[in-house]
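The next block holds one structure in the form of structure tokens; read it before the comments.
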Amino acid sequence: MIPPTPVVLDAQSLSSVAAGGGIGSYTRHLLAALAHRDDVSVSALCAPSVSLPDGVTPLPMHRLFSHPRLEVMEHAARLPRELRRLRPGDSVFHNPSFHAPAGVDGPWVQTLLDVIPLVLDEPDHAVLRARWKRFGPRYRKADAVIAISQHAADEGTRLLGLEAGKVHVARLGVDPSYRPGVVVSADPPYLLVVSEYSRRKGFAEAFAVLDALADTGYPHRLLVAGRIHPWARAELAALHAAARHPERIEVLDFVPDLVALYQGASAFLMCSRYEGFGLPALEAMACGVPVVAFANSAVTEMVSGGGHLVANGDVVAMTDAVSRLLSTPALALEWREKGMERARWFTWERTAASHAEVYAAVAGGRS
């Protein structure tokens with residue numbers, strides 16, 4: 001019998017500002033799925049306060065700073081020394097965050113989530129763009145890179161100079177809690193966007209779709225759920241105020257449990273201009289919500305066959321698509337069923353299996 005591959009996973013995100021975002025969700029679900037596998041034995045570098053799944057061994061680390069920027073700097077400085085002290089000598093180290101570490105000895109697997117700051121030259125990416133110029137080249141030092149979509153893999157080879165043979169695609173999963181509920185029409189009905197605010201996320205386009213639908217007599221509101229960073233609040237407030245029907249747009253900020261919100265929506269809008277994966281669209285499809293999305297980046301890859309794709313940035317086309325599904329129950333039912341079928345493919349068990357294959361290959365000297 002082949003012994004399990006020992007893996008040390010950096011779970012610092014579970015006690016940081018990233019805990020409520022995509023990296024925290026990825027780390028948490030991956031650990032839970034790996035804990036059920038017999039071909040890996042997993043330890044996690046994490047704060048003592050973090051609750052880990054049964055079967056995952058904690059490797060406690062202590063941090064002094066909670067400010068986001070200081071937190072990143074402290075973790076980068078202390079991680080190499082902690083790995084040398086805590087990591088079993090034959091283990092594979094896996095970093096699931098985009099901050100590729102320096103000074104890692106031994107087998108190393110690095111996740112590639114996206115390269116957004118290198119693609120979009122926007123003010124809200126300026127700090128991360130400067131960081132990417134420092135740590136981006138480190139991806140080439142990893143024994144293997146796990147990309148969360150084929151699009152992310154292609155961008156990694158194009159922009160980071162990664163060797164194609166070292167890049168492996170392991171798409172993320174959808175938590176089983178995201179499932180259809182009892183179909184009850186909300187009063188008034190609503191469309192849904194789930195996203196942190198940034199300029200690339202297409203809030204302006206989503207607001208424009210709502211305005212156009214309201215102008216033609218649809219009673220729908222637009223609900224927007226997602227963390228809003230302090231620096232973005234004034235900009236988002238101005239965008240909201242500039243809409244023709246601001247009273248129809250409700251910005252909810254961070255919502256800890258999205259399932260019921262998805263289940264009650266008439267349609268989900270994916271207006272982002274660039275994504276490394278696009279998990280909210282899959283969560284919406286898993287909940288039986290028809291999805292209308294701009295065709296770009298990894299969104300096309302994830303939504304394809306399960307939702308309605310329109311030309312990137314085409315507000316008129318998105319408005320027309322949403323109008324047709326709102327006025328045609330049979331079409332909405334068709335998109336609902338296609339979306340649920342598409343979302344079933346994306347499981348965390350499948351994600352963990354792909355990761356385990358990469359760990360074993362790296363441990364055996366192959367990537």
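We label chains A, B, ... in the order they appear in the structure tokens, count residues from 1 in each chain, and number ligands from 1 in the order shown.
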
For Leu112 of chain A, find every residue with an atom within 7 Å (counting only C-alpha atoms), except residues of its own chain fewer than 2 positions away, and show them as JSON, numbers by chain. {"A": [98, 110, 114, 145, 146, 147, 148, 152]}

Within 7 Å of Ala352 of chain A using only C-alpha atoms, minus same-chain residues under 4 positions, as a short mmCIF file (atom, residue, chain, number, x, y, z; two decimals) with C-alpha atoms, in the first residue's frame:
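Output contents, as saved in part-v5.cif:
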data_model
loop_
_atom_site.label_atom_id
_atom_site.label_comp_id
_atom_site.auth_asym_id
_atom_site.auth_seq_id
_atom_site.Cartn_x
_atom_site.Cartn_y
_atom_site.Cartn_z
CA LEU A 30 -9.98 22.35 0.32
CA ALA A 33 -12.18 17.76 1.36
CA LEU A 34 -8.55 16.67 1.77
CA TRP A 348 -14.78 20.00 -3.69
CA ALA A 356 -3.78 15.16 -4.32
#

Apply DSSP to the structure's backbone, then extract all residues of segment 97-258 of chain A labelled helix (DSSP H, G or I) and return them as an MDAnalysis selection string. chainID A and resid 116:119 123:141 150:159 164:166 199:201 203:215 230:242 246:248

Set out as JSON lines a contact list for segment 73-192 of chain A and segment 281-303 of chain A with a cut-off of 6 Å, giving each residue of segment 73-192 of chain A that qualifies its closest atom pair and distance in Å to one decimal, counting only C-alpha atoms, ordered by chain and rising residue number.
{"residue": "A:His151", "atom": "CA", "partner": "A:Ala298", "partner_atom": "CA", "distance": 5.3}
{"residue": "A:Tyr178", "atom": "CA", "partner": "A:Cys287", "partner_atom": "CA", "distance": 5.4}
{"residue": "A:Arg179", "atom": "CA", "partner": "A:Cys287", "partner_atom": "CA", "distance": 4.2}
{"residue": "A:Pro180", "atom": "CA", "partner": "A:Cys287", "partner_atom": "CA", "distance": 4.1}

Find the residue from A:Phe203, A:Tyr197, A:Tyr190, A:Tyr26 that sits nearest to Met270 of chain A; use only C-alpha atoms when measuring. A:Phe203

May I ask for the distance between atom CA of Gly278 of chain A and atom CA of Val316 of chain A, given in Å to one decimal place?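 Computed distance, atom CA of Gly278 of chain A to atom CA of Val316 of chain A, equals 22.0 Å.
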
Within 12 Å of Ala237 of chain A, counting only C-alpha atoms, which residues qualify if same-chain residues fewer than 4 places away don't, as a ChimeraX atom specification? /A:197,203-204,228,230-233,241-243,246,249-251

Excluding segment 2-17 of chain A and its own-chain neighbours fewer than 6 positions away, which residues fall within 9 Å of it when counting only C-alpha atoms? Please give them as an MDAnalysis selection string. chainID A and resid 23:25 27:28 31 37:47 49:51 59 61 66:68 71 75 79 83 87:88 90:97 356 359:360 363

With C-alpha atoms retained, export the selected residues as a PDB file, in the first residue's frame.
ATOM      1  CA  ILE A  23      -8.926  32.699  -0.670  1.00  0.00           C
ATOM      2  CA  GLY A  24     -10.355  31.921   2.759  1.00  0.00           C
ATOM      3  CA  SER A  25     -13.240  29.981   1.217  1.00  0.00           C
ATOM      4  CA  THR A  27      -8.559  27.137   1.834  1.00  0.00           C
ATOM      5  CA  ARG A  28     -11.383  26.121   4.150  1.00  0.00           C
ATOM      6  CA  LEU A  31      -8.847  21.367   3.816  1.00  0.00           C
ATOM      7  CA  ARG A  37      -8.841  11.349   1.623  1.00  0.00           C
ATOM      8  CA  ASP A  38      -6.581   8.397   2.409  1.00  0.00           C
ATOM      9  CA  ASP A  39      -3.814   9.362  -0.038  1.00  0.00           C
ATOM     10  CA  VAL A  40      -2.774  12.562   1.777  1.00  0.00           C
ATOM     11  CA  SER A  41      -2.010  13.481   5.382  1.00  0.00           C
ATOM     12  CA  VAL A  42      -2.557  17.177   5.896  1.00  0.00           C
ATOM     13  CA  SER A  43      -1.149  19.660   8.388  1.00  0.00           C
ATOM     14  CA  ALA A  44      -2.117  23.317   8.404  1.00  0.00           C
ATOM     15  CA  LEU A  45      -0.074  26.334   9.410  1.00  0.00           C
ATOM     16  CA  CYS A  46      -2.615  28.503  11.190  1.00  0.00           C
ATOM     17  CA  ALA A  47      -3.359  30.688  14.176  1.00  0.00           C
ATOM     18  CA  SER A  49      -7.759  30.188  17.266  1.00  0.00           C
ATOM     19  CA  VAL A  50      -8.575  28.566  13.909  1.00  0.00           C
ATOM     20  CA  SER A  51     -10.895  25.564  13.976  1.00  0.00           C
ATOM     21  CA  LEU A  59       0.871  23.671  13.176  1.00  0.00           C
ATOM     22  CA  MET A  61       1.804  30.066  14.262  1.00  0.00           C
ATOM     23  CA  SER A  66      -4.061  42.524  12.000  1.00  0.00           C
ATOM     24  CA  HIS A  67      -3.822  45.527   9.669  1.00  0.00           C
ATOM     25  CA  PRO A  68      -4.070  44.013   6.147  1.00  0.00           C
ATOM     26  CA  GLU A  71      -0.337  41.270   8.187  1.00  0.00           C
ATOM     27  CA  HIS A  75       3.532  36.596   7.290  1.00  0.00           C
ATOM     28  CA  LEU A  79       6.827  32.006   7.053  1.00  0.00           C
ATOM     29  CA  LEU A  83       8.387  26.196   7.752  1.00  0.00           C
ATOM     30  CA  ARG A  87       7.406  21.307   8.587  1.00  0.00           C
ATOM     31  CA  PRO A  88       8.112  17.565   8.456  1.00  0.00           C
ATOM     32  CA  ASP A  90       9.395  14.824   3.640  1.00  0.00           C
ATOM     33  CA  SER A  91       6.263  16.962   3.241  1.00  0.00           C
ATOM     34  CA  VAL A  92       5.002  19.003   0.304  1.00  0.00           C
ATOM     35  CA  PHE A  93       4.313  22.648   1.098  1.00  0.00           C
ATOM     36  CA  HIS A  94       1.222  24.158  -0.525  1.00  0.00           C
ATOM     37  CA  ASN A  95       0.559  27.896  -0.604  1.00  0.00           C
ATOM     38  CA  PRO A  96      -3.071  28.569  -1.655  1.00  0.00           C
ATOM     39  CA  SER A  97      -2.709  32.371  -1.568  1.00  0.00           C
ATOM     40  CA  ALA A 356      -3.782  15.165  -4.317  1.00  0.00           C
ATOM     41  CA  TYR A 359       1.019  16.611  -4.363  1.00  0.00           C
ATOM     42  CA  ALA A 360       1.935  12.989  -5.130  1.00  0.00           C
ATOM     43  CA  ALA A 363       6.606  14.349  -3.700  1.00  0.00           C
TER      44      ALA A 363
END

My list of candidates is A:Gly161, A:Pro176, A:Gly106, A:Gly276. Which is closest to Asp143 of chain A when distances are computed with only C-alpha atoms?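 Result for the nearest residue to Asp143 of chain A: A:Gly106.
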
Among segment 60-284 of chain A, which residues does DSSP mark as strand (DSSP E) when it is run on the backbone? Keep the chain and numbering as in the structure and answer as a PyMOL selection string. chain A and resi 60+92-95+108-112+144-147+167-169+190-194+221-225+249-253+267-270

Write a file of the just-selected residues containing N, CA, C and O atoms, as a CSV table (one decimal), in the first residue's frame.
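again_35.csv, written as the output of this step:
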chain,number,residue,atom,x,y,z
A,60,PRO,N,0.6,25.4,14.9
A,60,PRO,CA,0.3,26.8,15.3
A,60,PRO,C,1.4,27.8,15.0
A,60,PRO,O,2.6,27.6,15.2
A,92,VAL,N,5.2,18.0,1.4
A,92,VAL,CA,5.0,19.0,0.3
A,92,VAL,C,4.4,20.2,0.9
A,92,VAL,O,3.3,20.1,1.6
A,93,PHE,N,4.9,21.4,0.6
A,93,PHE,CA,4.3,22.6,1.1
A,93,PHE,C,3.4,23.2,0.0
A,93,PHE,O,3.7,23.2,-1.2
A,94,HIS,N,2.2,23.6,0.4
A,94,HIS,CA,1.2,24.2,-0.5
A,94,HIS,C,0.8,25.5,0.0
A,94,HIS,O,0.3,25.7,1.1
A,95,ASN,N,1.0,26.5,-0.9
A,95,ASN,CA,0.6,27.9,-0.6
A,95,ASN,C,-0.7,28.2,-1.5
A,95,ASN,O,-0.5,28.3,-2.7
A,108,TRP,N,7.4,22.2,-3.3
A,108,TRP,CA,6.5,23.4,-3.1
A,108,TRP,C,5.5,23.4,-4.2
A,108,TRP,O,5.8,23.4,-5.4
A,109,VAL,N,4.2,23.5,-3.8
A,109,VAL,CA,3.1,23.7,-4.8
A,109,VAL,C,2.4,25.0,-4.5
A,109,VAL,O,2.2,25.4,-3.4
A,110,GLN,N,2.3,25.8,-5.6
A,110,GLN,CA,1.7,27.2,-5.5
A,110,GLN,C,0.4,27.3,-6.3
A,110,GLN,O,0.4,26.8,-7.4
A,111,THR,N,-0.6,27.8,-5.7
A,111,THR,CA,-1.9,28.0,-6.4
A,111,THR,C,-1.8,29.4,-7.1
A,111,THR,O,-1.3,30.4,-6.7
A,112,LEU,N,-2.3,29.3,-8.4
A,112,LEU,CA,-2.5,30.5,-9.2
A,112,LEU,C,-4.0,30.8,-9.3
A,112,LEU,O,-4.7,30.1,-10.0
A,144,ALA,N,5.4,22.9,-8.8
A,144,ALA,CA,4.2,22.8,-9.5
A,144,ALA,C,3.3,24.0,-9.2
A,144,ALA,O,3.3,24.5,-8.1
A,145,VAL,N,2.5,24.4,-10.2
A,145,VAL,CA,1.5,25.4,-10.0
A,145,VAL,C,0.1,24.9,-10.3
A,145,VAL,O,-0.1,24.2,-11.3
A,146,ILE,N,-0.8,25.1,-9.3
A,146,ILE,CA,-2.2,24.7,-9.5
A,146,ILE,C,-3.0,25.9,-9.9
A,146,ILE,O,-3.2,26.8,-9.1
A,147,ALA,N,-3.5,25.9,-11.1
A,147,ALA,CA,-4.4,27.0,-11.6
A,147,ALA,C,-5.8,26.6,-11.4
A,147,ALA,O,-6.2,25.5,-11.7
A,167,VAL,N,2.2,23.4,-14.9
A,167,VAL,CA,0.9,24.1,-14.5
A,167,VAL,C,-0.2,23.0,-14.6
A,167,VAL,O,-0.4,22.4,-15.7
A,168,HIS,N,-1.0,22.9,-13.6
A,168,HIS,CA,-2.1,21.9,-13.5
A,168,HIS,C,-3.4,22.6,-13.2
A,168,HIS,O,-3.4,23.4,-12.3
A,169,VAL,N,-4.5,22.2,-13.9
A,169,VAL,CA,-5.8,22.9,-13.6
A,169,VAL,C,-6.6,22.1,-12.6
A,169,VAL,O,-6.7,20.9,-12.8
A,190,TYR,N,-36.5,40.3,-7.4
A,190,TYR,CA,-35.2,41.0,-7.5
A,190,TYR,C,-34.2,40.2,-8.4
A,190,TYR,O,-34.3,39.0,-8.5
A,191,LEU,N,-33.3,41.0,-8.9
A,191,LEU,CA,-32.1,40.4,-9.6
A,191,LEU,C,-31.0,40.5,-8.6
A,191,LEU,O,-31.0,41.3,-7.6
A,192,LEU,N,-29.9,39.7,-8.8
A,192,LEU,CA,-28.9,39.6,-7.8
A,192,LEU,C,-27.5,39.7,-8.4
A,192,LEU,O,-27.2,39.2,-9.5
A,193,VAL,N,-26.6,40.5,-7.7
A,193,VAL,CA,-25.2,40.5,-8.0
A,193,VAL,C,-24.5,40.1,-6.6
A,193,VAL,O,-24.8,40.7,-5.6
A,194,VAL,N,-23.5,39.2,-6.7
A,194,VAL,CA,-22.7,38.9,-5.5
A,194,VAL,C,-21.3,39.1,-5.9
A,194,VAL,O,-20.7,38.5,-6.7
A,221,ARG,N,-36.2,44.8,-8.3
A,221,ARG,CA,-35.1,45.5,-7.7
A,221,ARG,C,-33.8,44.8,-8.1
A,221,ARG,O,-33.8,43.7,-8.7
A,222,LEU,N,-32.7,45.4,-7.7
A,222,LEU,CA,-31.3,44.8,-7.8
A,222,LEU,C,-30.7,44.8,-6.4
A,222,LEU,O,-30.6,45.8,-5.8
A,223,LEU,N,-30.4,43.6,-5.9
A,223,LEU,CA,-29.7,43.4,-4.7
A,223,LEU,C,-28.2,43.1,-5.0
A,223,LEU,O,-27.9,42.3,-5.8
A,224,VAL,N,-27.4,43.8,-4.2
A,224,VAL,CA,-25.9,43.6,-4.4
A,224,VAL,C,-25.3,43.2,-3.1
A,224,VAL,O,-25.4,43.9,-2.1
A,225,ALA,N,-24.8,42.0,-3.0
A,225,ALA,CA,-24.2,41.5,-1.8
A,225,ALA,C,-22.7,41.3,-2.0
A,225,ALA,O,-22.2,40.7,-3.0
A,249,ILE,N,-32.2,49.9,-6.2
A,249,ILE,CA,-30.9,49.2,-6.0
A,249,ILE,C,-30.6,49.2,-4.5
A,249,ILE,O,-30.5,50.3,-3.8
A,250,GLU,N,-30.4,48.0,-3.9
A,250,GLU,CA,-30.1,47.9,-2.5
A,250,GLU,C,-28.7,47.3,-2.3
A,250,GLU,O,-28.5,46.1,-2.7
A,251,VAL,N,-27.8,48.0,-1.8
A,251,VAL,CA,-26.4,47.5,-1.5
A,251,VAL,C,-26.4,46.9,-0.1
A,251,VAL,O,-26.5,47.6,0.9
A,252,LEU,N,-26.2,45.6,0.0
A,252,LEU,CA,-26.3,44.9,1.2
A,252,LEU,C,-25.0,44.8,2.0
A,252,LEU,O,-25.0,44.4,3.2
A,253,ASP,N,-23.9,45.0,1.4
A,253,ASP,CA,-22.6,44.8,2.0
A,253,ASP,C,-22.4,43.3,2.1
A,253,ASP,O,-23.0,42.5,1.5
A,267,ALA,N,-33.0,36.3,-11.3
A,267,ALA,CA,-31.9,36.1,-12.2
A,267,ALA,C,-30.6,36.6,-11.5
A,267,ALA,O,-30.7,37.4,-10.6
A,268,PHE,N,-29.5,36.0,-11.9
A,268,PHE,CA,-28.2,36.4,-11.4
A,268,PHE,C,-27.4,37.1,-12.5
A,268,PHE,O,-27.3,36.6,-13.6
A,269,LEU,N,-26.8,38.3,-12.2
A,269,LEU,CA,-26.1,39.0,-13.2
A,269,LEU,C,-24.6,38.9,-12.9
A,269,LEU,O,-24.1,39.2,-11.8
A,270,MET,N,-23.8,38.5,-13.9
A,270,MET,CA,-22.3,38.4,-13.7
A,270,MET,C,-21.8,39.4,-14.7
A,270,MET,O,-21.6,39.1,-15.9

Interatomic distance, atom CA of Lys201 of chain A to atom CA of Leu213 of chain A (Å, one decimal): 20.0 Å
